[in-house]
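Shown below: coords.cif, with mmCIF, C-alpha atoms and all ligand atoms.
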data_input
#
loop_
_atom_site.label_atom_id
_atom_site.label_comp_id
_atom_site.auth_asym_id
_atom_site.auth_seq_id
_atom_site.Cartn_x
_atom_site.Cartn_y
_atom_site.Cartn_z
CA MET A 547 35.14 73.39 -68.08
CA ALA A 548 34.67 71.91 -64.59
CA ARG A 549 32.98 68.52 -64.59
CA VAL A 550 29.71 68.25 -62.67
CA ASN A 551 28.11 65.18 -61.12
CA LEU A 552 24.61 63.81 -61.74
CA ASP A 553 23.14 66.37 -59.33
CA GLY A 554 24.84 69.28 -61.10
CA ASN A 555 27.49 69.84 -58.40
CA PRO A 556 31.16 70.39 -59.35
CA ILE A 557 33.30 67.28 -58.90
CA SER A 558 36.29 67.85 -56.65
CA MET A 559 39.61 66.08 -57.18
CA GLN A 560 40.02 62.82 -55.25
CA ALA A 561 43.14 60.81 -54.47
CA ILE A 562 42.18 57.20 -55.21
CA CYS A 563 44.11 54.28 -53.77
CA MET A 564 43.55 51.61 -56.40
CA ILE A 565 44.56 48.19 -55.07
CA GLY A 566 44.99 45.69 -57.92
CA GLY A 567 44.90 48.71 -60.24
CA GLY A 568 47.54 47.19 -62.51
CA GLY A 569 45.16 44.48 -63.79
CA PHE A 570 42.64 44.38 -66.64
CA ILE A 571 39.91 46.55 -65.09
CA GLY A 572 42.40 48.77 -63.23
CA SER A 573 44.32 49.58 -66.41
CA HIS A 574 41.16 50.79 -68.18
CA LEU A 575 40.05 52.74 -65.12
CA CYS A 576 43.47 54.44 -64.90
CA GLU A 577 43.31 55.37 -68.60
CA LYS A 578 39.90 56.96 -68.14
CA LEU A 579 40.81 58.78 -64.93
CA MET A 580 43.96 60.22 -66.50
CA ALA A 581 42.40 61.24 -69.83
CA GLU A 582 39.05 62.57 -68.67
CA THR A 583 39.12 63.54 -64.98
CA ASN A 584 41.42 65.39 -62.59
CA HIS A 585 41.48 62.59 -60.00
CA LYS A 586 44.77 61.20 -58.77
CA ALA A 587 45.50 57.44 -58.97
CA VAL A 588 47.70 55.79 -56.36
CA VAL A 589 48.06 52.36 -57.92
CA VAL A 590 49.07 49.36 -55.81
CA ASP A 591 49.84 46.07 -57.56
CA VAL A 592 52.48 43.37 -57.84
CA SER A 593 52.96 44.31 -61.50
CA SER A 594 52.64 47.45 -63.66
CA ASP A 595 52.84 45.70 -67.05
CA LYS A 596 49.32 46.76 -68.10
CA ILE A 597 49.71 50.41 -67.05
CA ASN A 598 53.32 51.13 -68.05
CA HIS A 599 52.02 53.12 -71.02
CA LEU A 600 50.46 55.55 -68.51
CA LEU A 601 53.48 55.95 -66.23
CA ASP A 602 55.90 57.77 -68.54
CA MET A 603 57.03 60.96 -66.79
CA SER A 604 56.59 63.00 -70.00
CA LEU A 605 52.82 62.41 -70.08
CA PRO A 606 50.58 65.36 -69.16
CA TRP A 607 49.09 63.52 -66.16
CA ALA A 608 52.45 62.32 -64.75
CA HIS A 609 51.81 64.25 -61.47
CA ARG A 610 48.43 62.48 -61.04
CA ILE A 611 49.49 58.84 -61.17
CA GLU A 612 51.91 56.87 -59.05
CA PHE A 613 52.65 53.16 -58.95
CA HIS A 614 53.57 51.26 -55.79
CA GLN A 615 54.83 47.77 -56.48
CA MET A 616 53.50 45.85 -53.49
CA ASN A 617 52.00 42.55 -52.46
CA ILE A 618 49.21 43.56 -50.07
CA LYS A 619 49.56 40.28 -48.19
CA THR A 620 52.91 41.30 -46.79
CA ASP A 621 53.38 45.05 -47.13
CA SER A 622 52.74 47.38 -44.19
CA ARG A 623 52.74 50.50 -46.43
CA LEU A 624 49.11 49.75 -47.38
CA GLU A 625 47.53 51.52 -44.39
CA THR A 626 49.56 54.69 -45.01
CA LEU A 627 48.43 54.78 -48.66
CA ILE A 628 44.76 54.26 -47.73
CA LYS A 629 45.02 56.93 -45.01
CA ALA A 630 46.50 59.45 -47.44
CA SER A 631 43.74 58.85 -50.05
CA ASP A 632 40.10 60.01 -50.17
CA LEU A 633 38.79 56.78 -51.66
CA THR A 634 40.02 53.18 -51.90
CA ILE A 635 39.04 50.92 -54.80
CA ASN A 636 39.84 47.28 -54.16
CA LEU A 637 40.30 45.22 -57.32
CA ALA A 638 42.98 42.82 -56.06
CA ALA A 639 41.97 39.19 -56.46
CA ILE A 640 42.68 35.81 -57.93
CA CYS A 641 39.77 35.72 -60.37
CA THR A 642 40.41 33.10 -63.07
CA PRO A 643 38.13 30.04 -62.73
CA ALA A 644 40.98 27.63 -63.53
CA ASP A 645 42.47 28.60 -60.14
CA TYR A 646 39.33 28.14 -58.02
CA ASN A 647 39.46 24.33 -57.86
CA THR A 648 43.24 23.91 -58.32
CA ARG A 649 44.45 26.66 -55.92
CA PRO A 650 41.49 26.95 -53.53
CA LEU A 651 43.59 28.15 -50.59
CA ASP A 652 45.17 30.99 -52.60
CA THR A 653 41.72 31.81 -53.98
CA ILE A 654 40.09 32.01 -50.54
CA PHE A 655 42.96 33.99 -49.03
CA SER A 656 43.07 36.41 -51.93
CA ASN A 657 39.32 37.06 -52.09
CA PHE A 658 38.53 37.05 -48.38
CA ILE A 659 41.46 37.08 -45.92
CA ASP A 660 43.55 39.63 -47.88
CA ALA A 661 40.55 41.98 -48.15
CA ILE A 662 40.08 42.11 -44.36
CA PRO A 663 42.86 44.67 -43.63
CA VAL A 664 41.71 46.83 -46.57
CA ILE A 665 38.20 46.99 -45.10
CA LYS A 666 39.53 47.56 -41.58
CA TYR A 667 41.82 50.45 -42.64
CA CYS A 668 38.93 52.09 -44.51
CA THR A 669 36.60 51.80 -41.51
CA GLU A 670 39.19 52.97 -38.96
CA ASN A 671 40.32 55.91 -41.08
CA LYS A 672 36.78 56.82 -42.19
CA LYS A 673 37.61 56.37 -45.86
CA ARG A 674 35.15 55.47 -48.56
CA LEU A 675 35.56 52.00 -50.15
CA ILE A 676 34.50 50.80 -53.60
CA HIS A 677 34.97 47.04 -53.52
CA PHE A 678 34.91 44.65 -56.48
CA SER A 679 32.74 41.61 -55.80
CA THR A 680 31.42 39.41 -58.63
CA CYS A 681 28.17 38.28 -60.27
CA GLU A 682 29.34 34.80 -59.32
CA VAL A 683 28.18 35.36 -55.71
CA TYR A 684 24.67 34.50 -56.96
CA GLY A 685 26.00 31.06 -57.99
CA LYS A 686 23.50 28.94 -59.90
CA THR A 687 20.05 30.23 -60.87
CA ILE A 688 16.85 28.91 -59.27
CA GLY A 689 15.78 28.10 -62.87
CA SER A 690 18.61 25.59 -63.27
CA PHE A 691 16.86 23.34 -60.75
CA LEU A 692 13.43 23.59 -62.41
CA PRO A 693 11.92 21.73 -65.38
CA GLU A 694 12.39 23.60 -68.70
CA GLU A 695 8.81 24.93 -68.88
CA TYR A 696 9.20 26.93 -65.64
CA ARG A 697 12.49 28.51 -66.61
CA LYS A 698 10.94 31.10 -68.95
CA ASP A 699 9.78 33.32 -66.12
CA PRO A 700 12.55 35.92 -65.45
CA LYS A 701 12.06 35.56 -61.71
CA TYR A 702 13.81 32.19 -61.92
CA PHE A 703 17.01 33.45 -63.55
CA MET A 704 17.26 37.26 -63.32
CA LEU A 705 19.76 38.20 -60.60
CA LYS A 706 18.74 41.02 -58.24
CA GLU A 707 21.13 42.54 -55.73
CA ASP A 708 18.57 42.85 -52.90
CA VAL A 709 16.42 39.79 -53.58
CA SER A 710 18.26 36.85 -55.18
CA PRO A 711 19.65 34.03 -53.05
CA CYS A 712 23.24 32.81 -53.42
CA ILE A 713 23.19 29.17 -54.52
CA PHE A 714 26.48 27.29 -54.47
CA GLY A 715 27.35 23.64 -55.03
CA PRO A 716 28.75 21.38 -52.29
CA VAL A 717 32.12 22.04 -50.61
CA GLU A 718 33.86 19.36 -52.67
CA LYS A 719 33.01 21.39 -55.78
CA GLN A 720 35.86 23.78 -55.10
CA ARG A 721 34.80 25.99 -58.01
CA TRP A 722 32.68 27.81 -55.45
CA SER A 723 35.64 28.74 -53.22
CA TYR A 724 35.90 32.06 -55.10
CA ALA A 725 32.19 32.92 -54.96
CA CYS A 726 31.96 31.97 -51.30
CA ALA A 727 35.04 34.03 -50.35
CA LYS A 728 33.72 37.01 -52.31
CA GLN A 729 30.33 36.67 -50.63
CA MET A 730 31.94 36.61 -47.18
CA THR A 731 33.82 39.81 -48.05
CA ASP A 732 30.57 41.46 -49.19
CA ARG A 733 28.99 40.46 -45.88
CA LEU A 734 31.95 41.81 -43.90
CA ILE A 735 31.72 45.17 -45.70
CA TYR A 736 27.98 45.29 -45.11
CA ALA A 737 28.49 44.52 -41.40
CA GLU A 738 31.21 47.22 -41.06
CA HIS A 739 28.73 49.64 -42.58
CA ALA A 740 25.90 48.54 -40.30
CA GLU A 741 27.94 48.51 -37.08
CA ASN A 742 30.72 51.05 -37.69
CA GLY A 743 29.44 53.37 -40.42
CA LEU A 744 31.78 52.32 -43.27
CA LYS A 745 30.87 54.16 -46.48
CA TYR A 746 30.91 51.49 -49.18
CA THR A 747 29.88 50.63 -52.71
CA ILE A 748 30.04 47.02 -53.93
CA VAL A 749 30.42 46.36 -57.67
CA ARG A 750 29.32 43.06 -59.21
CA PRO A 751 30.84 42.81 -62.70
CA TYR A 752 29.15 40.51 -65.23
CA ASN A 753 31.85 39.21 -67.61
CA TRP A 754 33.49 42.52 -68.52
CA ILE A 755 35.70 41.89 -71.54
CA GLY A 756 38.00 43.78 -73.89
CA PRO A 757 41.66 44.43 -74.70
CA ARG A 758 44.29 43.54 -72.06
CA MET A 759 42.10 40.91 -70.40
CA ASP A 760 44.23 38.20 -68.77
CA PHE A 761 47.10 36.80 -70.87
CA ILE A 762 47.91 34.68 -73.86
CA PRO A 763 49.55 31.44 -72.63
CA GLY A 764 53.18 31.21 -73.67
CA VAL A 765 53.37 34.87 -74.72
CA ASP A 766 52.65 37.07 -71.68
CA GLY A 767 51.63 34.33 -69.27
CA PRO A 768 52.63 30.76 -68.42
CA SER A 769 52.28 28.33 -71.34
CA ASP A 770 50.23 25.94 -69.19
CA GLY A 771 48.07 28.77 -67.74
CA VAL A 772 44.30 28.84 -68.36
CA PRO A 773 42.87 32.39 -68.56
CA ARG A 774 39.17 33.36 -68.80
CA VAL A 775 37.16 32.44 -71.88
CA LEU A 776 37.94 35.52 -74.01
CA ALA A 777 41.69 34.91 -73.76
CA CYS A 778 41.32 31.10 -74.10
CA PHE A 779 39.36 31.51 -77.35
CA SER A 780 41.71 34.28 -78.59
CA ASN A 781 44.69 32.01 -77.95
CA SER A 782 43.13 29.17 -79.96
CA LEU A 783 42.24 31.53 -82.82
CA LEU A 784 45.75 32.99 -82.93
CA ARG A 785 47.27 29.49 -83.04
CA GLY A 786 44.76 28.08 -85.54
CA GLU A 787 43.60 25.49 -82.99
CA PRO A 788 39.98 24.48 -82.22
CA LEU A 789 38.18 26.54 -79.55
CA LYS A 790 37.43 24.25 -76.63
CA LEU A 791 33.80 24.18 -75.49
CA VAL A 792 33.69 23.04 -71.88
CA ASP A 793 30.86 20.52 -71.46
CA GLY A 794 29.64 21.57 -74.91
CA GLY A 795 29.52 25.35 -74.19
CA GLU A 796 25.89 25.25 -73.04
CA SER A 797 26.33 27.75 -70.17
CA LYS A 798 25.26 31.30 -70.88
CA ARG A 799 26.89 34.61 -70.07
CA THR A 800 26.13 38.29 -70.65
CA PHE A 801 29.24 40.13 -71.87
CA LEU A 802 29.87 43.82 -71.16
CA TYR A 803 32.43 45.93 -73.01
CA ILE A 804 35.08 47.15 -70.57
CA LYS A 805 34.77 50.77 -71.73
CA ASP A 806 31.00 50.82 -70.96
CA ALA A 807 31.78 49.26 -67.58
CA ILE A 808 34.39 51.89 -66.74
CA ASP A 809 31.80 54.64 -67.35
CA ALA A 810 29.72 53.04 -64.57
CA VAL A 811 32.69 52.96 -62.17
CA VAL A 812 33.49 56.63 -62.84
CA LEU A 813 29.85 57.51 -62.07
CA MET A 814 30.26 55.71 -58.73
CA ILE A 815 33.46 57.65 -57.98
CA ASP A 816 31.91 61.01 -58.87
CA ASN A 817 28.51 60.48 -57.20
CA PRO A 818 29.17 59.19 -53.67
CA GLU A 819 25.76 60.32 -52.40
CA ARG A 820 24.09 58.14 -55.01
CA ALA A 821 26.49 55.20 -54.79
CA ASN A 822 27.29 54.81 -51.08
CA GLY A 823 25.43 51.98 -49.38
CA TYR A 824 24.60 50.19 -52.65
CA ILE A 825 25.54 46.93 -54.33
CA PHE A 826 25.46 47.37 -58.11
CA ASN A 827 25.08 44.73 -60.80
CA VAL A 828 27.10 46.03 -63.75
CA GLY A 829 26.41 44.06 -66.91
CA ASN A 830 24.73 44.07 -70.32
CA PRO A 831 21.57 41.93 -70.34
CA ASP A 832 21.24 42.47 -74.11
CA ASN A 833 24.55 40.70 -74.79
CA GLU A 834 23.52 37.22 -73.62
CA VAL A 835 24.90 34.23 -75.54
CA SER A 836 25.85 30.64 -74.78
CA VAL A 837 29.59 29.94 -74.72
CA LYS A 838 29.10 27.97 -77.94
CA GLN A 839 27.51 31.03 -79.59
CA LEU A 840 30.37 33.18 -78.27
CA ALA A 841 32.84 30.84 -80.00
CA GLU A 842 30.91 31.15 -83.27
CA LEU A 843 30.85 34.96 -83.06
CA MET A 844 34.56 35.09 -82.24
CA MET A 845 35.43 32.79 -85.16
CA LYS A 846 33.42 35.03 -87.49
CA ALA A 847 35.04 38.23 -86.20
CA TYR A 848 38.55 36.73 -86.25
CA SER A 849 38.29 35.42 -89.79
CA LYS A 850 37.56 39.03 -90.89
CA VAL A 851 40.27 40.63 -88.72
CA ALA A 852 43.04 38.15 -89.61
CA SER A 853 41.86 37.45 -93.19
CA VAL A 854 41.72 33.70 -92.63
CA PRO A 855 39.00 31.50 -94.15
CA ALA A 856 36.17 30.78 -91.68
CA SER A 857 36.40 27.12 -92.74
CA SER A 858 39.87 26.89 -91.09
CA LEU A 859 38.37 27.68 -87.65
CA SER A 860 36.57 25.11 -85.53
CA THR A 861 35.38 24.13 -82.06
CA LEU A 862 35.93 21.00 -79.99
CA LYS A 863 33.81 19.68 -77.10
CA VAL A 864 35.82 18.87 -73.97
CA SER A 865 34.73 17.68 -70.54
CA SER A 866 35.09 20.12 -67.63
CA GLU A 867 37.10 17.52 -65.72
CA ASP A 868 39.64 17.27 -68.58
CA PHE A 869 39.78 21.04 -69.01
CA TYR A 870 39.73 22.31 -65.40
CA GLY A 871 40.30 19.18 -63.31
CA LYS A 872 38.31 17.78 -60.42
CA GLY A 873 36.02 20.07 -58.43
CA TYR A 874 34.97 22.31 -61.32
CA ASP A 875 31.34 23.34 -61.54
CA ASP A 876 29.64 26.11 -63.51
CA SER A 877 27.21 28.99 -63.27
CA ASP A 878 24.44 28.16 -65.74
CA ARG A 879 23.28 31.68 -66.55
CA ARG A 880 23.85 35.25 -65.36
CA ILE A 881 21.42 37.99 -66.30
CA PRO A 882 21.80 41.19 -64.32
CA ASP A 883 18.73 43.03 -63.12
CA MET A 884 19.57 46.66 -63.92
CA THR A 885 16.95 48.45 -61.82
CA ILE A 886 19.27 49.75 -59.09
CA ILE A 887 22.10 51.06 -61.28
CA THR A 888 19.67 52.68 -63.72
CA ARG A 889 17.81 54.42 -60.90
CA GLN A 890 20.84 55.54 -58.89
CA LEU A 891 23.37 56.35 -61.62
CA ALA A 892 21.34 56.56 -64.86
CA TRP A 893 23.90 54.19 -66.42
CA LYS A 894 23.14 51.92 -69.37
CA PRO A 895 25.51 49.74 -71.41
CA LYS A 896 25.94 50.76 -75.05
CA THR A 897 28.12 48.37 -77.02
CA PRO A 898 26.63 45.31 -78.76
CA LEU A 899 28.54 42.04 -78.59
CA ASP A 900 29.57 41.85 -82.27
CA GLU A 901 31.03 45.36 -82.09
CA LEU A 902 33.00 44.70 -78.91
CA LEU A 903 34.34 41.41 -80.28
CA ASP A 904 35.52 43.15 -83.47
CA VAL A 905 37.47 45.76 -81.50
CA THR A 906 38.88 43.22 -79.07
CA LEU A 907 39.97 40.70 -81.67
CA GLN A 908 41.64 43.46 -83.68
CA TYR A 909 43.63 44.25 -80.54
CA GLN A 910 44.46 40.58 -79.90
CA HIS A 911 45.60 40.08 -83.50
CA GLN A 912 47.75 43.24 -83.56
CA THR A 913 49.27 42.54 -80.16
CA TYR A 914 49.98 38.83 -80.34
CA SER A 915 49.95 37.38 -83.86
CA ARG A 916 53.64 38.10 -84.60
CA SER A 917 54.91 36.49 -81.37
CA ILE A 918 52.70 33.47 -81.96
CA GLN A 919 53.82 33.10 -85.59
CA ARG A 920 57.47 33.29 -84.43
CA GLU A 921 56.80 30.65 -81.77
CA LEU A 922 54.98 28.35 -84.21
CA SER A 923 57.74 28.63 -86.82
CA LYS A 924 60.44 27.47 -84.36
CA PRO A 925 61.48 23.87 -85.00
CA SER A 926 60.08 21.60 -82.27
CA ASN A 927 62.62 19.49 -80.31
P1 LIG B 1001 42.94 41.05 -62.93
O1 LIG B 1001 43.49 39.74 -62.51
O2 LIG B 1001 43.34 41.56 -64.27
O3 LIG B 1001 43.30 42.16 -61.85
C1 LIG B 1001 43.54 41.89 -60.50
C2 LIG B 1001 44.83 42.59 -60.12
O4 LIG B 1001 45.05 42.40 -58.71
C3 LIG B 1001 46.06 41.98 -60.84
O5 LIG B 1001 46.78 43.00 -61.51
C4 LIG B 1001 46.89 41.38 -59.70
O6 LIG B 1001 48.29 41.49 -59.92
C5 LIG B 1001 46.44 42.23 -58.51
N1 LIG B 1001 46.65 41.53 -57.24
C6 LIG B 1001 46.17 40.32 -56.88
N2 LIG B 1001 46.61 40.00 -55.65
C7 LIG B 1001 47.38 41.03 -55.22
C8 LIG B 1001 48.14 41.26 -54.05
N3 LIG B 1001 48.17 40.36 -53.06
N4 LIG B 1001 48.81 42.43 -53.93
C9 LIG B 1001 48.80 43.34 -54.94
N5 LIG B 1001 48.11 43.16 -56.09
C10 LIG B 1001 47.41 42.02 -56.24
O7 LIG B 1001 41.35 40.95 -62.85
P2 LIG B 1001 40.22 41.99 -63.28
O8 LIG B 1001 39.41 41.35 -64.32
O9 LIG B 1001 40.80 43.33 -63.50
O10 LIG B 1001 39.32 41.98 -61.96
C11 LIG B 1001 39.39 42.98 -60.95
C12 LIG B 1001 38.36 42.67 -59.88
O11 LIG B 1001 37.04 42.58 -60.45
C13 LIG B 1001 38.59 41.36 -59.12
O12 LIG B 1001 38.29 41.57 -57.77
C14 LIG B 1001 37.60 40.39 -59.74
O13 LIG B 1001 37.22 39.38 -58.83
C15 LIG B 1001 36.45 41.32 -60.07
N6 LIG B 1001 35.65 40.78 -61.19
C16 LIG B 1001 36.00 40.98 -62.49
C17 LIG B 1001 35.21 40.46 -63.49
C18 LIG B 1001 35.46 40.72 -64.95
O14 LIG B 1001 34.54 40.56 -65.72
N7 LIG B 1001 36.64 41.12 -65.38
C19 LIG B 1001 34.09 39.68 -63.19
C20 LIG B 1001 33.77 39.47 -61.85
C21 LIG B 1001 34.56 40.03 -60.86
N1 LIG B 1002 34.91 28.11 -71.15
C1 LIG B 1002 34.98 27.30 -72.30
N2 LIG B 1002 36.18 27.19 -72.95
C2 LIG B 1002 37.31 27.84 -72.53
C3 LIG B 1002 37.23 28.65 -71.37
C4 LIG B 1002 36.00 28.76 -70.71
O1 LIG B 1002 33.99 26.68 -72.71
O2 LIG B 1002 38.36 27.68 -73.19
C5 LIG B 1002 33.59 28.29 -70.47
C6 LIG B 1002 33.57 28.06 -68.96
O3 LIG B 1002 33.37 26.69 -68.67
C7 LIG B 1002 32.38 28.92 -68.56
C8 LIG B 1002 32.44 30.10 -69.52
O4 LIG B 1002 33.24 29.65 -70.62
O5 LIG B 1002 31.18 28.21 -68.80
C9 LIG B 1002 33.02 31.38 -68.97
O6 LIG B 1002 34.27 31.11 -68.38
P1 LIG B 1002 35.25 32.23 -67.81
O7 LIG B 1002 36.54 31.57 -67.50
O8 LIG B 1002 35.34 33.40 -68.72
O9 LIG B 1002 34.64 32.72 -66.43
P2 LIG B 1002 33.23 32.66 -65.67
O10 LIG B 1002 32.25 33.44 -66.47
O11 LIG B 1002 32.85 31.22 -65.52
O12 LIG B 1002 33.56 33.30 -64.37
#
In structure tokens, what does this structure look like?
Amino acid sequence: MARVNLDGNPISMQAICMIGGGGFIGSHLCEKLMAETNHKAVVVDVSSDKINHLLDMSLPWAHRIEFHQMNIKTDSRLETLIKASDLTINLAAICTPADYNTRPLDTIFSNFIDAIPVIKYCTENKKRLIHFSTCEVYGKTIGSFLPEEYRKDPKYFMLKEDVSPCIFGPVEKQRWSYACAKQMTDRLIYAEHAENGLKYTIVRPYNWIGPRMDFIPGVDGPSDGVPRVLACFSNSLLRGEPLKLVDGGESKRTFLYIKDAIDAVVLMIDNPERANGYIFNVGNPDNEVSVKQLAELMMKAYSKVASVPASSLSTLKVSSEDFYGKGYDDSDRRIPDMTIITRQLAWKPKTPLDELLDVTLQYQHQTYSRSIQRELSKPSN
């Protein structure tokens, strides 16, 4: 049966140029597009490791997915691919906080300078763009600067796309290089729309998590690499080491299951009239925990999944300077206001945090525990 959009109109096939489509979010989006739509994915990335399972020529959708191994910084084929597609989705970025203060130049280039040609090609060729920004563009909440008694009012911490200010720390706190570069890209897209008619949608993900996020150091990433918190905590659990709580793990996050998030992105693809010209917060306000609480929930879920006694799992407080180095700073709290996405796309998140952690830790255990056990049983030199 033909799929219809939210207004009851049949959805026509689109060729989607997905830049950075070989990463965590891209891999889940490709899976969904192949299994449940008739859209075509033209994936551009430096690596296909996370989508190789979708590229086998014997699969029923083989004619609807192609992979172009390219670095968009240096490859002139990009414009041709954008021109030949109906829609471009830009996911390419350096987006692990450990890089923001240690590789600020790469971070700024990746999140701002490298996005400029993508935006330009979309404007010049009159192609629609869905661009991935971040909830981090809001920076710190107003509430974080107020005495405790004032912080209870949602207006001091709820983040609204069309109202909230963007509050970053000083330049020497290089943590904000990412947020600032992303914000500049959002502003460039908005200006291209205002002056040259670019059709755009900007997505602001709030800590989307699930299988295939980042890497496990020493297994499918560098042994001294520092991924985002889900993979850091998974790595510690797999190795039987304490989970490190940066500055005590007091910061709070709302976590959204990747599969719920992908439903929102597909609604944006299929409903351009409702999505063009909007910035969307995409998060789950019901899944808010402190990082310390996240560690506790992950220890509980992992002890069940791996059949290890909960008493063998622990946490350890570390300073942000020891963990990330100089120039780190943190977002205190990120609660998405959901008014715009609910009104425009009738999307709501579904999966509670304990359920999504169960599924994800099962995946982490199945995928990595053998390699880690092999590594740990090797005699050390
Ligand atoms: P990811 O690192 O898994 O994916 C990014 C992909 O971009 C990677 O596969 C990488 O190889 C590719 N890439 C980077 N530079 C490239 C280049 N020069 N040429 C070609 N490919 C390049 O990250 P993700 O979690 O999938 O995030 C995707 C987007 O969503 C990013 O823009 C990120 O800033 C944004 N975002 C994600 C989250 C989240 O919760 N996962 C939160 C906020 C923002
Ligand atoms: N964090 C932590 N221990 C870790 C990794 C991260 O306490 O091993 C904290 C980090 O300081 C931040 C939160 O977890 O407060 C989320 O970090 P993440 O890297 O996932 O990205 P962010 O949400 O800050 O963009």
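You will find CA of Arg674 (chain A) at 19.4 Å from CA of Ile571 (chain A).
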Show me, as lines of an AutoDock Vina configuration file, the centre and edge lengths in Å to one decimal of the axis-aligned box that covers every listed atom of ligand LIG 1002 (chain B) with 8 Å on each side.
center_x = 34.8
center_y = 30.1
center_z = -68.8
size_x = 23.2
size_y = 22.8
size_z = 24.8
Could you produce a table of the residues of chain A lying within 6 Å of ligand LIG 1001 (chain B), with the nearest pair of atoms per residue and their separation in Å rounded to one decimal, using only C-alpha atoms and all ligand atoms, ordered by chain and increasing residue number, as a Markdown table?
| residue | atom | partner | partner_atom | distance |
| --- | --- | --- | --- | --- |
| A:Gly566 | CA | B:LIG1001 | O4 | 3.4 |
| A:Gly568 | CA | B:LIG1001 | O5 | 4.4 |
| A:Gly569 | CA | B:LIG1001 | O5 | 3.2 |
| A:Phe570 | CA | B:LIG1001 | O2 | 3.7 |
| A:Ile571 | CA | B:LIG1001 | O9 | 3.7 |
| A:Gly572 | CA | B:LIG1001 | O9 | 5.7 |
| A:Asp591 | CA | B:LIG1001 | N5 | 3.7 |
| A:Val592 | CA | B:LIG1001 | C9 | 4.7 |
| A:Ser593 | CA | B:LIG1001 | O6 | 5.7 |
| A:Met616 | CA | B:LIG1001 | C9 | 5.5 |
| A:Asn617 | CA | B:LIG1001 | N4 | 3.5 |
| A:Ile618 | CA | B:LIG1001 | N4 | 4.0 |
| A:Lys619 | CA | B:LIG1001 | N3 | 5.1 |
| A:Leu637 | CA | B:LIG1001 | C12 | 4.1 |
| A:Ala638 | CA | B:LIG1001 | O4 | 3.4 |
| A:Ala639 | CA | B:LIG1001 | C6 | 4.4 |
| A:Ile640 | CA | B:LIG1001 | C6 | 5.8 |
| A:Cys641 | CA | B:LIG1001 | O13 | 4.7 |
| A:Phe678 | CA | B:LIG1001 | O12 | 4.8 |
| A:Ser679 | CA | B:LIG1001 | C21 | 5.6 |
| A:Thr680 | CA | B:LIG1001 | C21 | 3.9 |
| A:Cys681 | CA | B:LIG1001 | C20 | 5.9 |
| A:Pro751 | CA | B:LIG1001 | C20 | 4.5 |
| A:Tyr752 | CA | B:LIG1001 | C19 | 5.4 |
| A:Asn753 | CA | B:LIG1001 | O14 | 3.6 |
| A:Trp754 | CA | B:LIG1001 | O14 | 3.6 |
| A:Asp760 | CA | B:LIG1001 | O2 | 5.7 |
Based on the selection just made, write C-alpha atoms of those residues as a PDB file, in the coordinates of the input.
ATOM      1  CA  GLY A 566      44.990  45.690 -57.920  1.00  0.00           C
ATOM      2  CA  GLY A 568      47.540  47.190 -62.510  1.00  0.00           C
ATOM      3  CA  GLY A 569      45.160  44.480 -63.790  1.00  0.00           C
ATOM      4  CA  PHE A 570      42.640  44.380 -66.640  1.00  0.00           C
ATOM      5  CA  ILE A 571      39.910  46.550 -65.090  1.00  0.00           C
ATOM      6  CA  GLY A 572      42.400  48.770 -63.230  1.00  0.00           C
ATOM      7  CA  ASP A 591      49.840  46.070 -57.560  1.00  0.00           C
ATOM      8  CA  VAL A 592      52.480  43.370 -57.840  1.00  0.00           C
ATOM      9  CA  SER A 593      52.960  44.310 -61.500  1.00  0.00           C
ATOM     10  CA  MET A 616      53.500  45.850 -53.490  1.00  0.00           C
ATOM     11  CA  ASN A 617      52.000  42.550 -52.460  1.00  0.00           C
ATOM     12  CA  ILE A 618      49.210  43.560 -50.070  1.00  0.00           C
ATOM     13  CA  LYS A 619      49.560  40.280 -48.190  1.00  0.00           C
ATOM     14  CA  LEU A 637      40.300  45.220 -57.320  1.00  0.00           C
ATOM     15  CA  ALA A 638      42.980  42.820 -56.060  1.00  0.00           C
ATOM     16  CA  ALA A 639      41.970  39.190 -56.460  1.00  0.00           C
ATOM     17  CA  ILE A 640      42.680  35.810 -57.930  1.00  0.00           C
ATOM     18  CA  CYS A 641      39.770  35.720 -60.370  1.00  0.00           C
ATOM     19  CA  PHE A 678      34.910  44.650 -56.480  1.00  0.00           C
ATOM     20  CA  SER A 679      32.740  41.610 -55.800  1.00  0.00           C
ATOM     21  CA  THR A 680      31.420  39.410 -58.630  1.00  0.00           C
ATOM     22  CA  CYS A 681      28.170  38.280 -60.270  1.00  0.00           C
ATOM     23  CA  PRO A 751      30.840  42.810 -62.700  1.00  0.00           C
ATOM     24  CA  TYR A 752      29.150  40.510 -65.230  1.00  0.00           C
ATOM     25  CA  ASN A 753      31.850  39.210 -67.610  1.00  0.00           C
ATOM     26  CA  TRP A 754      33.490  42.520 -68.520  1.00  0.00           C
ATOM     27  CA  ASP A 760      44.230  38.200 -68.770  1.00  0.00           C
TER      28      ASP A 760
END
Nearest-residue call for Arg799 (chain A), choices A:Glu577, A:Asp553, A:Asp832, A:Asp632, using all atoms listed in the file: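 Nearest to Arg799 (chain A): A:Asp832.
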Closest-contact table, chain A side, partner ligand LIG 1002 (chain B), 6 Å, counting all atoms listed in the file, as CSV:
residue,atom,partner,partner_atom,distance
A:Pro643,CA,B:LIG1002,O7,5.3
A:Asn753,CA,B:LIG1002,O10,5.9
A:Arg774,CA,B:LIG1002,O7,3.4
A:Val775,CA,B:LIG1002,O8,3.8
A:Cys778,CA,B:LIG1002,O2,4.6
A:Phe779,CA,B:LIG1002,O2,5.7
A:Lys790,CA,B:LIG1002,N2,4.9
A:Leu791,CA,B:LIG1002,O1,3.7
A:Val792,CA,B:LIG1002,O1,3.7
A:Gly795,CA,B:LIG1002,O1,4.9
A:Ser797,CA,B:LIG1002,O5,5.1
A:Val837,CA,B:LIG1002,O4,5.5
A:Asp876,CA,B:LIG1002,O5,5.9
